[in-house]
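Student: Okay, so here is protein15.cif, and as you'll see once you scroll down, it has mmCIF, N, CA and C atoms.
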```
data_run
loop_
_atom_site.label_atom_id
_atom_site.label_comp_id
_atom_site.auth_asym_id
_atom_site.auth_seq_id
_atom_site.Cartn_x
_atom_site.Cartn_y
_atom_site.Cartn_z
N MET A 18 -0.34 7.13 20.76
CA MET A 18 -1.75 6.89 21.05
C MET A 18 -2.28 7.92 22.03
N ARG A 19 -1.39 8.55 22.78
CA ARG A 19 -1.85 9.58 23.72
C ARG A 19 -2.45 10.77 23.00
N GLY A 20 -2.03 10.99 21.76
CA GLY A 20 -2.58 12.09 20.97
C GLY A 20 -4.07 11.95 20.77
N LEU A 21 -4.58 10.74 20.79
CA LEU A 21 -6.01 10.51 20.62
C LEU A 21 -6.82 11.04 21.78
N GLU A 22 -6.19 11.20 22.94
CA GLU A 22 -6.89 11.70 24.12
C GLU A 22 -7.14 13.21 24.05
N VAL A 23 -6.44 13.89 23.16
CA VAL A 23 -6.52 15.35 23.07
C VAL A 23 -7.90 15.82 22.63
N ALA A 24 -8.42 15.20 21.61
CA ALA A 24 -9.71 15.64 21.07
C ALA A 24 -10.53 14.41 20.67
N PRO A 25 -11.05 13.69 21.64
CA PRO A 25 -11.81 12.49 21.31
C PRO A 25 -12.99 12.82 20.40
N GLY A 26 -13.15 12.01 19.39
CA GLY A 26 -14.24 12.22 18.45
C GLY A 26 -13.91 13.13 17.30
N ASP A 27 -12.80 13.86 17.35
CA ASP A 27 -12.41 14.73 16.25
C ASP A 27 -11.78 13.86 15.16
N VAL A 28 -12.40 13.82 13.99
CA VAL A 28 -11.99 12.93 12.92
C VAL A 28 -10.56 13.23 12.46
N LEU A 29 -10.24 14.49 12.31
CA LEU A 29 -8.91 14.87 11.84
C LEU A 29 -7.82 14.47 12.84
N VAL A 30 -8.05 14.77 14.10
CA VAL A 30 -7.08 14.41 15.14
C VAL A 30 -6.95 12.89 15.22
N THR A 31 -8.05 12.19 15.15
CA THR A 31 -8.02 10.73 15.21
C THR A 31 -7.24 10.15 14.04
N ALA A 32 -7.51 10.65 12.84
CA ALA A 32 -6.81 10.13 11.66
C ALA A 32 -5.31 10.39 11.75
N TYR A 33 -4.92 11.62 12.03
CA TYR A 33 -3.50 11.95 12.10
C TYR A 33 -2.81 11.24 13.27
N SER A 34 -3.39 11.31 14.45
CA SER A 34 -2.75 10.70 15.62
C SER A 34 -2.62 9.20 15.47
N SER A 35 -3.65 8.56 14.97
CA SER A 35 -3.61 7.12 14.76
C SER A 35 -2.58 6.74 13.71
N ALA A 36 -2.52 7.53 12.65
CA ALA A 36 -1.54 7.25 11.59
C ALA A 36 -0.12 7.39 12.11
N TYR A 37 0.14 8.44 12.87
CA TYR A 37 1.49 8.62 13.41
C TYR A 37 1.82 7.54 14.43
N ALA A 38 0.84 7.14 15.23
CA ALA A 38 1.05 6.05 16.18
C ALA A 38 1.34 4.75 15.44
N ALA A 39 0.62 4.52 14.35
CA ALA A 39 0.83 3.30 13.56
C ALA A 39 2.23 3.28 12.97
N ARG A 40 2.66 4.40 12.42
CA ARG A 40 4.00 4.44 11.83
C ARG A 40 5.07 4.26 12.90
N ALA A 41 4.89 4.87 14.06
CA ALA A 41 5.85 4.69 15.15
C ALA A 41 5.92 3.23 15.56
N ALA A 42 4.77 2.57 15.65
CA ALA A 42 4.75 1.15 16.01
C ALA A 42 5.44 0.33 14.93
N LEU A 43 5.23 0.69 13.68
CA LEU A 43 5.90 -0.01 12.58
C LEU A 43 7.40 0.11 12.73
N TRP A 44 7.88 1.31 12.98
CA TRP A 44 9.32 1.52 13.10
C TRP A 44 9.90 0.79 14.32
N MET A 45 9.07 0.58 15.34
CA MET A 45 9.51 -0.18 16.50
C MET A 45 9.30 -1.69 16.29
N LYS A 46 8.68 -2.01 15.15
CA LYS A 46 8.35 -3.40 14.81
C LYS A 46 7.45 -4.04 15.87
N ASP A 47 6.51 -3.23 16.34
CA ASP A 47 5.55 -3.66 17.36
C ASP A 47 4.22 -3.95 16.66
N ARG A 48 4.04 -5.20 16.29
CA ARG A 48 2.87 -5.60 15.53
C ARG A 48 1.56 -5.30 16.27
N ALA A 49 1.52 -5.57 17.55
CA ALA A 49 0.28 -5.37 18.31
C ALA A 49 -0.12 -3.89 18.33
N ARG A 50 0.82 -3.02 18.61
CA ARG A 50 0.48 -1.58 18.63
C ARG A 50 0.13 -1.08 17.24
N LEU A 51 0.83 -1.58 16.22
CA LEU A 51 0.50 -1.19 14.85
C LEU A 51 -0.93 -1.61 14.53
N ALA A 52 -1.29 -2.84 14.84
CA ALA A 52 -2.64 -3.32 14.56
C ALA A 52 -3.68 -2.49 15.31
N ASP A 53 -3.39 -2.12 16.56
CA ASP A 53 -4.32 -1.31 17.34
C ASP A 53 -4.50 0.07 16.72
N ALA A 54 -3.40 0.72 16.41
CA ALA A 54 -3.48 2.06 15.82
C ALA A 54 -4.14 2.00 14.44
N LEU A 55 -3.81 0.99 13.67
CA LEU A 55 -4.38 0.86 12.33
C LEU A 55 -5.88 0.61 12.40
N SER A 56 -6.33 -0.09 13.41
CA SER A 56 -7.78 -0.29 13.55
C SER A 56 -8.49 1.05 13.77
N LYS A 57 -7.82 1.96 14.45
CA LYS A 57 -8.40 3.30 14.65
C LYS A 57 -8.39 4.11 13.36
N VAL A 58 -7.33 3.97 12.57
CA VAL A 58 -7.29 4.65 11.26
C VAL A 58 -8.41 4.09 10.39
N ASP A 59 -8.56 2.77 10.38
CA ASP A 59 -9.59 2.15 9.56
C ASP A 59 -11.00 2.55 10.00
N ALA A 60 -11.17 2.83 11.30
CA ALA A 60 -12.50 3.18 11.82
C ALA A 60 -12.93 4.59 11.45
N VAL A 61 -11.98 5.44 11.09
CA VAL A 61 -12.32 6.81 10.70
C VAL A 61 -13.17 6.76 9.44
N GLN A 62 -14.31 7.44 9.48
CA GLN A 62 -15.27 7.37 8.38
C GLN A 62 -14.94 8.32 7.24
N VAL A 63 -13.71 8.79 7.18
CA VAL A 63 -13.30 9.69 6.11
C VAL A 63 -12.63 8.87 5.02
N ARG A 64 -12.95 9.18 3.79
CA ARG A 64 -12.34 8.52 2.65
C ARG A 64 -11.78 9.61 1.74
N GLY A 65 -10.77 9.26 1.00
CA GLY A 65 -10.16 10.19 0.06
C GLY A 65 -8.76 9.71 -0.27
N GLY A 66 -8.14 10.39 -1.21
CA GLY A 66 -6.84 9.97 -1.68
C GLY A 66 -5.79 9.81 -0.60
N TRP A 67 -5.62 10.83 0.22
CA TRP A 67 -4.55 10.80 1.22
C TRP A 67 -4.82 9.71 2.25
N VAL A 68 -5.99 9.71 2.86
CA VAL A 68 -6.26 8.78 3.96
C VAL A 68 -6.34 7.33 3.45
N ASP A 69 -6.88 7.12 2.26
CA ASP A 69 -6.96 5.76 1.73
C ASP A 69 -5.57 5.22 1.38
N THR A 70 -4.72 6.07 0.83
CA THR A 70 -3.36 5.64 0.49
C THR A 70 -2.54 5.43 1.75
N LEU A 71 -2.78 6.25 2.76
CA LEU A 71 -2.12 6.04 4.04
C LEU A 71 -2.51 4.69 4.62
N ARG A 72 -3.79 4.38 4.57
CA ARG A 72 -4.25 3.06 5.05
C ARG A 72 -3.52 1.95 4.30
N GLN A 73 -3.45 2.08 2.99
CA GLN A 73 -2.79 1.07 2.17
C GLN A 73 -1.33 0.90 2.57
N THR A 74 -0.64 2.01 2.80
CA THR A 74 0.75 1.98 3.22
C THR A 74 0.91 1.27 4.55
N LEU A 75 0.08 1.64 5.52
CA LEU A 75 0.18 1.05 6.85
C LEU A 75 -0.20 -0.42 6.85
N HIS A 76 -1.18 -0.79 6.04
CA HIS A 76 -1.54 -2.21 5.94
C HIS A 76 -0.38 -3.01 5.34
N ALA A 77 0.35 -2.42 4.40
CA ALA A 77 1.53 -3.10 3.85
C ALA A 77 2.56 -3.33 4.95
N GLY A 78 2.71 -2.34 5.82
CA GLY A 78 3.63 -2.50 6.95
C GLY A 78 3.22 -3.62 7.87
N LEU A 79 1.92 -3.72 8.13
CA LEU A 79 1.43 -4.80 8.99
C LEU A 79 1.70 -6.15 8.34
N LEU A 80 1.47 -6.25 7.04
CA LEU A 80 1.77 -7.49 6.33
C LEU A 80 3.25 -7.84 6.46
N ALA A 81 4.10 -6.83 6.36
CA ALA A 81 5.54 -7.07 6.49
C ALA A 81 5.88 -7.61 7.87
N LEU A 82 5.30 -7.01 8.90
CA LEU A 82 5.57 -7.48 10.26
C LEU A 82 5.02 -8.89 10.51
N GLU A 83 4.03 -9.26 9.75
CA GLU A 83 3.47 -10.61 9.86
C GLU A 83 4.26 -11.62 9.05
N GLY A 84 5.32 -11.16 8.37
CA GLY A 84 6.15 -12.06 7.58
C GLY A 84 5.61 -12.34 6.19
N ARG A 85 4.64 -11.56 5.77
CA ARG A 85 4.02 -11.74 4.44
C ARG A 85 4.65 -10.75 3.47
N ALA A 86 5.94 -10.96 3.21
CA ALA A 86 6.75 -10.00 2.47
C ALA A 86 6.25 -9.75 1.05
N ASP A 87 5.85 -10.79 0.34
CA ASP A 87 5.39 -10.60 -1.04
C ASP A 87 4.13 -9.73 -1.10
N GLU A 88 3.19 -10.01 -0.21
CA GLU A 88 1.97 -9.20 -0.16
C GLU A 88 2.28 -7.77 0.27
N ALA A 89 3.19 -7.63 1.23
CA ALA A 89 3.58 -6.30 1.70
C ALA A 89 4.21 -5.52 0.55
N ALA A 90 5.10 -6.15 -0.18
CA ALA A 90 5.77 -5.48 -1.31
C ALA A 90 4.74 -5.01 -2.33
N GLN A 91 3.76 -5.86 -2.64
CA GLN A 91 2.72 -5.46 -3.58
C GLN A 91 1.95 -4.25 -3.07
N GLY A 92 1.66 -4.25 -1.77
CA GLY A 92 0.95 -3.12 -1.18
C GLY A 92 1.76 -1.84 -1.23
N TYR A 93 3.06 -1.95 -0.93
CA TYR A 93 3.93 -0.76 -0.98
C TYR A 93 4.07 -0.23 -2.40
N VAL A 94 4.21 -1.11 -3.37
CA VAL A 94 4.33 -0.67 -4.77
C VAL A 94 3.06 0.06 -5.20
N ALA A 95 1.91 -0.50 -4.86
CA ALA A 95 0.63 0.14 -5.22
C ALA A 95 0.47 1.48 -4.50
N ALA A 96 0.85 1.53 -3.22
CA ALA A 96 0.74 2.78 -2.47
C ALA A 96 1.66 3.84 -3.07
N ALA A 97 2.87 3.45 -3.44
CA ALA A 97 3.81 4.42 -4.04
C ALA A 97 3.24 5.00 -5.32
N ARG A 98 2.62 4.15 -6.12
CA ARG A 98 2.02 4.63 -7.37
C ARG A 98 0.96 5.69 -7.05
N ARG A 99 0.16 5.43 -6.03
CA ARG A 99 -0.91 6.36 -5.67
C ARG A 99 -0.35 7.65 -5.07
N TRP A 100 0.70 7.55 -4.21
CA TRP A 100 1.30 8.77 -3.65
C TRP A 100 1.84 9.64 -4.78
N ARG A 101 2.43 9.02 -5.81
CA ARG A 101 2.93 9.80 -6.95
C ARG A 101 1.78 10.49 -7.67
N GLU A 102 0.69 9.78 -7.89
CA GLU A 102 -0.49 10.39 -8.55
C GLU A 102 -0.99 11.58 -7.75
N LEU A 103 -0.95 11.46 -6.43
CA LEU A 103 -1.42 12.54 -5.56
C LEU A 103 -0.39 13.66 -5.42
N GLU A 104 0.84 13.39 -5.90
CA GLU A 104 1.96 14.33 -5.77
C GLU A 104 2.19 14.70 -4.30
N THR A 105 2.12 13.69 -3.46
CA THR A 105 2.32 13.86 -2.02
C THR A 105 3.69 13.29 -1.70
N TRP A 106 4.72 14.13 -1.91
CA TRP A 106 6.10 13.65 -1.93
C TRP A 106 6.63 13.19 -0.58
N PHE A 107 6.33 13.90 0.48
CA PHE A 107 6.85 13.47 1.77
C PHE A 107 6.23 12.15 2.18
N GLU A 108 4.93 11.99 1.98
CA GLU A 108 4.28 10.72 2.30
C GLU A 108 4.82 9.60 1.42
N LEU A 109 5.10 9.91 0.15
CA LEU A 109 5.72 8.92 -0.73
C LEU A 109 7.07 8.49 -0.16
N ALA A 110 7.86 9.45 0.25
CA ALA A 110 9.18 9.13 0.80
C ALA A 110 9.07 8.30 2.06
N LEU A 111 8.12 8.63 2.94
CA LEU A 111 7.93 7.83 4.15
C LEU A 111 7.50 6.40 3.80
N SER A 112 6.60 6.27 2.86
CA SER A 112 6.14 4.95 2.44
C SER A 112 7.29 4.14 1.84
N GLN A 113 8.11 4.80 1.02
CA GLN A 113 9.25 4.11 0.41
C GLN A 113 10.29 3.73 1.47
N PHE A 114 10.47 4.61 2.45
CA PHE A 114 11.37 4.30 3.56
C PHE A 114 10.86 3.06 4.30
N ASP A 115 9.56 3.05 4.61
CA ASP A 115 8.96 1.92 5.30
C ASP A 115 9.18 0.63 4.51
N PHE A 116 8.94 0.70 3.21
CA PHE A 116 9.10 -0.45 2.32
C PHE A 116 10.52 -1.01 2.43
N ALA A 117 11.50 -0.15 2.25
CA ALA A 117 12.89 -0.60 2.30
C ALA A 117 13.28 -1.12 3.68
N ALA A 118 12.82 -0.43 4.71
CA ALA A 118 13.18 -0.83 6.07
C ALA A 118 12.53 -2.16 6.47
N MET A 119 11.30 -2.38 6.03
CA MET A 119 10.58 -3.59 6.44
C MET A 119 10.91 -4.79 5.56
N ILE A 120 11.14 -4.59 4.30
CA ILE A 120 11.36 -5.71 3.38
C ILE A 120 12.86 -5.97 3.18
N GLY A 121 13.64 -4.90 3.22
CA GLY A 121 15.08 -5.05 3.01
C GLY A 121 15.44 -4.85 1.55
N THR A 122 16.63 -4.36 1.34
CA THR A 122 17.00 -3.97 -0.02
C THR A 122 17.56 -5.12 -0.86
N ASN A 123 17.43 -6.36 -0.39
CA ASN A 123 17.71 -7.49 -1.28
C ASN A 123 16.61 -7.62 -2.31
N ASP A 124 15.43 -7.12 -1.97
CA ASP A 124 14.31 -7.06 -2.91
C ASP A 124 14.56 -5.86 -3.83
N PRO A 125 14.57 -6.07 -5.16
CA PRO A 125 14.87 -4.95 -6.07
C PRO A 125 13.90 -3.77 -5.95
N ASP A 126 12.62 -4.06 -5.73
CA ASP A 126 11.65 -2.96 -5.58
C ASP A 126 11.90 -2.18 -4.29
N ALA A 127 12.27 -2.88 -3.22
CA ALA A 127 12.57 -2.21 -1.96
C ALA A 127 13.85 -1.39 -2.06
N LYS A 128 14.82 -1.91 -2.81
CA LYS A 128 16.06 -1.16 -3.02
C LYS A 128 15.76 0.13 -3.79
N ALA A 129 14.95 0.03 -4.83
CA ALA A 129 14.54 1.23 -5.58
C ALA A 129 13.76 2.19 -4.69
N ALA A 130 12.96 1.64 -3.78
CA ALA A 130 12.19 2.46 -2.85
C ALA A 130 13.14 3.25 -1.95
N ALA A 131 14.19 2.61 -1.44
CA ALA A 131 15.17 3.30 -0.59
C ALA A 131 15.83 4.43 -1.36
N GLU A 132 16.17 4.18 -2.61
CA GLU A 132 16.80 5.22 -3.43
C GLU A 132 15.85 6.40 -3.66
N GLU A 133 14.59 6.09 -3.94
CA GLU A 133 13.62 7.16 -4.15
C GLU A 133 13.40 7.95 -2.86
N ALA A 134 13.30 7.26 -1.74
CA ALA A 134 13.14 7.95 -0.45
C ALA A 134 14.32 8.88 -0.21
N ARG A 135 15.52 8.40 -0.46
CA ARG A 135 16.72 9.23 -0.26
C ARG A 135 16.68 10.48 -1.16
N GLU A 136 16.29 10.30 -2.42
CA GLU A 136 16.21 11.44 -3.34
C GLU A 136 15.20 12.48 -2.84
N ILE A 137 14.04 12.03 -2.41
CA ILE A 137 13.01 12.96 -1.95
C ILE A 137 13.44 13.64 -0.66
N PHE A 138 13.94 12.86 0.30
CA PHE A 138 14.39 13.46 1.57
C PHE A 138 15.51 14.46 1.33
N THR A 139 16.38 14.17 0.37
CA THR A 139 17.46 15.11 0.04
C THR A 139 16.88 16.40 -0.53
N ARG A 140 15.97 16.26 -1.48
CA ARG A 140 15.33 17.43 -2.10
C ARG A 140 14.59 18.28 -1.07
N LEU A 141 13.94 17.61 -0.11
CA LEU A 141 13.17 18.31 0.92
C LEU A 141 14.03 18.77 2.10
N ARG A 142 15.31 18.41 2.04
CA ARG A 142 16.25 18.72 3.13
C ARG A 142 15.77 18.14 4.46
N ALA A 143 15.24 16.94 4.39
CA ALA A 143 14.73 16.24 5.58
C ALA A 143 15.89 15.48 6.22
N LYS A 144 16.78 16.22 6.85
CA LYS A 144 17.99 15.63 7.42
C LYS A 144 17.72 14.52 8.44
N PRO A 145 16.72 14.67 9.30
CA PRO A 145 16.46 13.56 10.24
C PRO A 145 16.11 12.26 9.52
N MET A 146 15.38 12.34 8.42
CA MET A 146 15.02 11.13 7.70
C MET A 146 16.22 10.59 6.93
N LEU A 147 17.07 11.46 6.41
CA LEU A 147 18.30 10.98 5.78
C LEU A 147 19.17 10.25 6.80
N GLN A 148 19.22 10.79 8.01
CA GLN A 148 19.98 10.14 9.07
C GLN A 148 19.37 8.78 9.42
N ARG A 149 18.07 8.72 9.44
CA ARG A 149 17.38 7.45 9.73
C ARG A 149 17.73 6.42 8.65
N LEU A 150 17.78 6.84 7.39
CA LEU A 150 18.21 5.94 6.31
C LEU A 150 19.62 5.42 6.57
N GLU A 151 20.51 6.32 6.96
CA GLU A 151 21.88 5.93 7.28
C GLU A 151 21.91 4.94 8.44
N ASN A 152 21.12 5.23 9.48
CA ASN A 152 21.12 4.40 10.68
C ASN A 152 20.70 2.96 10.42
N ILE A 153 19.86 2.75 9.42
CA ILE A 153 19.44 1.38 9.12
C ILE A 153 20.16 0.81 7.91
N GLY A 154 21.25 1.48 7.53
CA GLY A 154 22.07 0.95 6.44
C GLY A 154 21.52 1.18 5.05
N LEU A 155 20.68 2.19 4.88
CA LEU A 155 20.11 2.49 3.57
C LEU A 155 20.56 3.86 3.05
N GLY A 156 21.61 4.40 3.66
CA GLY A 156 22.07 5.73 3.27
C GLY A 156 22.82 5.71 1.97
N ALA A 157 23.23 6.89 1.54
CA ALA A 157 23.98 7.05 0.29
C ALA A 157 25.25 6.21 0.36
N GLY A 158 25.47 5.46 -0.70
CA GLY A 158 26.68 4.67 -0.80
C GLY A 158 26.66 3.37 -0.02
N SER A 159 25.56 3.06 0.67
CA SER A 159 25.52 1.82 1.43
C SER A 159 25.37 0.65 0.48
N GLN A 160 25.88 -0.46 0.87
CA GLN A 160 25.78 -1.68 0.09
C GLN A 160 24.91 -2.68 0.84
N PRO A 161 23.66 -2.82 0.43
CA PRO A 161 22.78 -3.75 1.14
C PRO A 161 23.22 -5.18 1.00
#
```
Just dump the structure as structure tokens.
Tutor:
Amino acid sequence: MRGLEVAPGDVLVTAYSSAYAARAALWMKDRARLADALSKVDAVQVRGGWVDTLRQTLHAGLLALEGRADEAAQGYVAAARRWRELETWFELALSQFDFAAMIGTNDPDAKAAAEEAREIFTRLRAKPMLQRLENIGLGAGSQP
């Protein structure tokens, strides 16, 4: 959230900083901070494929933290479809990672999401994200 102090009123900085703050809060499972950051993402008056799909992804994460797993899963599946249409592979992988991490791989769609995230992170050589998958038990060869 400190990133928002850098350029107050700058739409691009607000969108990116808020989105990264929201994802960090999601990964920390901090519902209050996620809701706060997401409200700032929602307040940005920019619309378009990337920002709208990002909103959808983050809202799915909020639903997951609220214990609304079925609704969250639906949101993640819809967001993944849109990320693929946009051919935005890293964002797709992050969304799929979030899905698997928040819902758990007992859900078949979340398990497939973890596999897709791993494939994309491998292709992109995103070693820190592959390590993060391993750290939460979603790495190659893991048995959920």
Student: Write out as a PyMOL selection string each polymer residue whose atoms come within 7 Å of stretch 112-126 of chain A, counting only N, CA and C atoms; drop sequence neighbours fewer than 4 positions from it.
Tutor: chain A and resi 74+78+81-82+86+93+97+107-108+130-131+133-135+161
Student: May I ask for the distance between atom N of A:Trp67 and atom N of A:Gln148, given in Å to one decimal place?
Tutor: 26.0 Å
Student: Put a box with edges along x, y and z around all the listed atoms of stretch 91-95 of chain A, pad it by 6 Å on each side, then give me its centre and sizes in Å, one decimal, as AutoDock Vina command-line options.
Tutor:
```
--center_x 2.4 --center_y -2.2 --center_z -3.1 --size_x 15.9 --size_y 19.3 --size_z 16.3
```
Student: Which distance in Å separates atom CA of A:Ala95 and atom CA of A:Glu132, to one decimal?
Tutor: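 Rounded to one decimal, the two atoms are 17.0 Å apart.
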Student: Kindly give the distance, in Å, that separates atom CA of A:Leu43 and atom CA of A:Glu83, rounded to a single decimal.
Tutor: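 Going from atom CA of A:Leu43 over to atom CA of A:Glu83 covers 11.2 Å.
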Student: Evaluate the PyMOL selection byres ((chain A and resi 39) around 8) and record the selected residues as number ranges by chain, following the chain and residue labels used in the document.
Tutor: A: 18, 33-38, 40-45, 50-56, 75
Student: If you run DSSP over the backbone, which residues in chain A end up alpha helix (DSSP H)? Put them as a PyMOL selection string.
Tutor: chain A and resi 28-44+48-60+66-82+86-103+106-120+125-140+144-152
Student: At a cut-off of 8 Å around the point (-13.4, 9.2, 10.6) (file coordinates), what residues fall inside when counting only N, CA and C atoms? I'd like the answer as a PyMOL selection string.
Tutor: chain A and resi 26-29+31-32+57-64
Student: Include N, CA and C atoms and write out the residues we just selected as a PDB file, in the coordinates of the input.
Tutor:
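result.pdb, freshly written:
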```
ATOM      1  N   GLY A  26     -13.150  12.010  19.390  1.00  0.00           N
ATOM      2  CA  GLY A  26     -14.240  12.220  18.450  1.00  0.00           C
ATOM      3  C   GLY A  26     -13.910  13.130  17.300  1.00  0.00           C
ATOM      4  N   ASP A  27     -12.800  13.860  17.350  1.00  0.00           N
ATOM      5  CA  ASP A  27     -12.410  14.730  16.250  1.00  0.00           C
ATOM      6  C   ASP A  27     -11.780  13.860  15.160  1.00  0.00           C
ATOM      7  N   VAL A  28     -12.400  13.820  13.990  1.00  0.00           N
ATOM      8  CA  VAL A  28     -11.990  12.930  12.920  1.00  0.00           C
ATOM      9  C   VAL A  28     -10.560  13.230  12.460  1.00  0.00           C
ATOM     10  N   LEU A  29     -10.240  14.490  12.310  1.00  0.00           N
ATOM     11  CA  LEU A  29      -8.910  14.870  11.840  1.00  0.00           C
ATOM     12  C   LEU A  29      -7.820  14.470  12.840  1.00  0.00           C
ATOM     13  N   THR A  31      -8.050  12.190  15.150  1.00  0.00           N
ATOM     14  CA  THR A  31      -8.020  10.730  15.210  1.00  0.00           C
ATOM     15  C   THR A  31      -7.240  10.150  14.040  1.00  0.00           C
ATOM     16  N   ALA A  32      -7.510  10.650  12.840  1.00  0.00           N
ATOM     17  CA  ALA A  32      -6.810  10.130  11.660  1.00  0.00           C
ATOM     18  C   ALA A  32      -5.310  10.390  11.750  1.00  0.00           C
ATOM     19  N   LYS A  57      -7.820   1.960  14.450  1.00  0.00           N
ATOM     20  CA  LYS A  57      -8.400   3.300  14.650  1.00  0.00           C
ATOM     21  C   LYS A  57      -8.390   4.110  13.360  1.00  0.00           C
ATOM     22  N   VAL A  58      -7.330   3.970  12.570  1.00  0.00           N
ATOM     23  CA  VAL A  58      -7.290   4.650  11.260  1.00  0.00           C
ATOM     24  C   VAL A  58      -8.410   4.090  10.390  1.00  0.00           C
ATOM     25  N   ASP A  59      -8.560   2.770  10.380  1.00  0.00           N
ATOM     26  CA  ASP A  59      -9.590   2.150   9.560  1.00  0.00           C
ATOM     27  C   ASP A  59     -11.000   2.550  10.000  1.00  0.00           C
ATOM     28  N   ALA A  60     -11.170   2.830  11.300  1.00  0.00           N
ATOM     29  CA  ALA A  60     -12.500   3.180  11.820  1.00  0.00           C
ATOM     30  C   ALA A  60     -12.930   4.590  11.450  1.00  0.00           C
ATOM     31  N   VAL A  61     -11.980   5.440  11.090  1.00  0.00           N
ATOM     32  CA  VAL A  61     -12.320   6.810  10.700  1.00  0.00           C
ATOM     33  C   VAL A  61     -13.170   6.760   9.440  1.00  0.00           C
ATOM     34  N   GLN A  62     -14.310   7.440   9.480  1.00  0.00           N
ATOM     35  CA  GLN A  62     -15.270   7.370   8.380  1.00  0.00           C
ATOM     36  C   GLN A  62     -14.940   8.320   7.240  1.00  0.00           C
ATOM     37  N   VAL A  63     -13.710   8.790   7.180  1.00  0.00           N
ATOM     38  CA  VAL A  63     -13.300   9.690   6.110  1.00  0.00           C
ATOM     39  C   VAL A  63     -12.630   8.870   5.020  1.00  0.00           C
ATOM     40  N   ARG A  64     -12.950   9.180   3.790  1.00  0.00           N
ATOM     41  CA  ARG A  64     -12.340   8.520   2.650  1.00  0.00           C
ATOM     42  C   ARG A  64     -11.780   9.610   1.740  1.00  0.00           C
TER      43      ARG A  64
END
```
Student: Which is closer to A:Arg101 than all the others in A:Ile137, A:Gly65, A:Leu150, A:Lys46, using only C-alpha atoms?
Tutor: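 Once distances to A:Arg101 are computed over only C-alpha atoms, the minimum belongs to A:Ile137.
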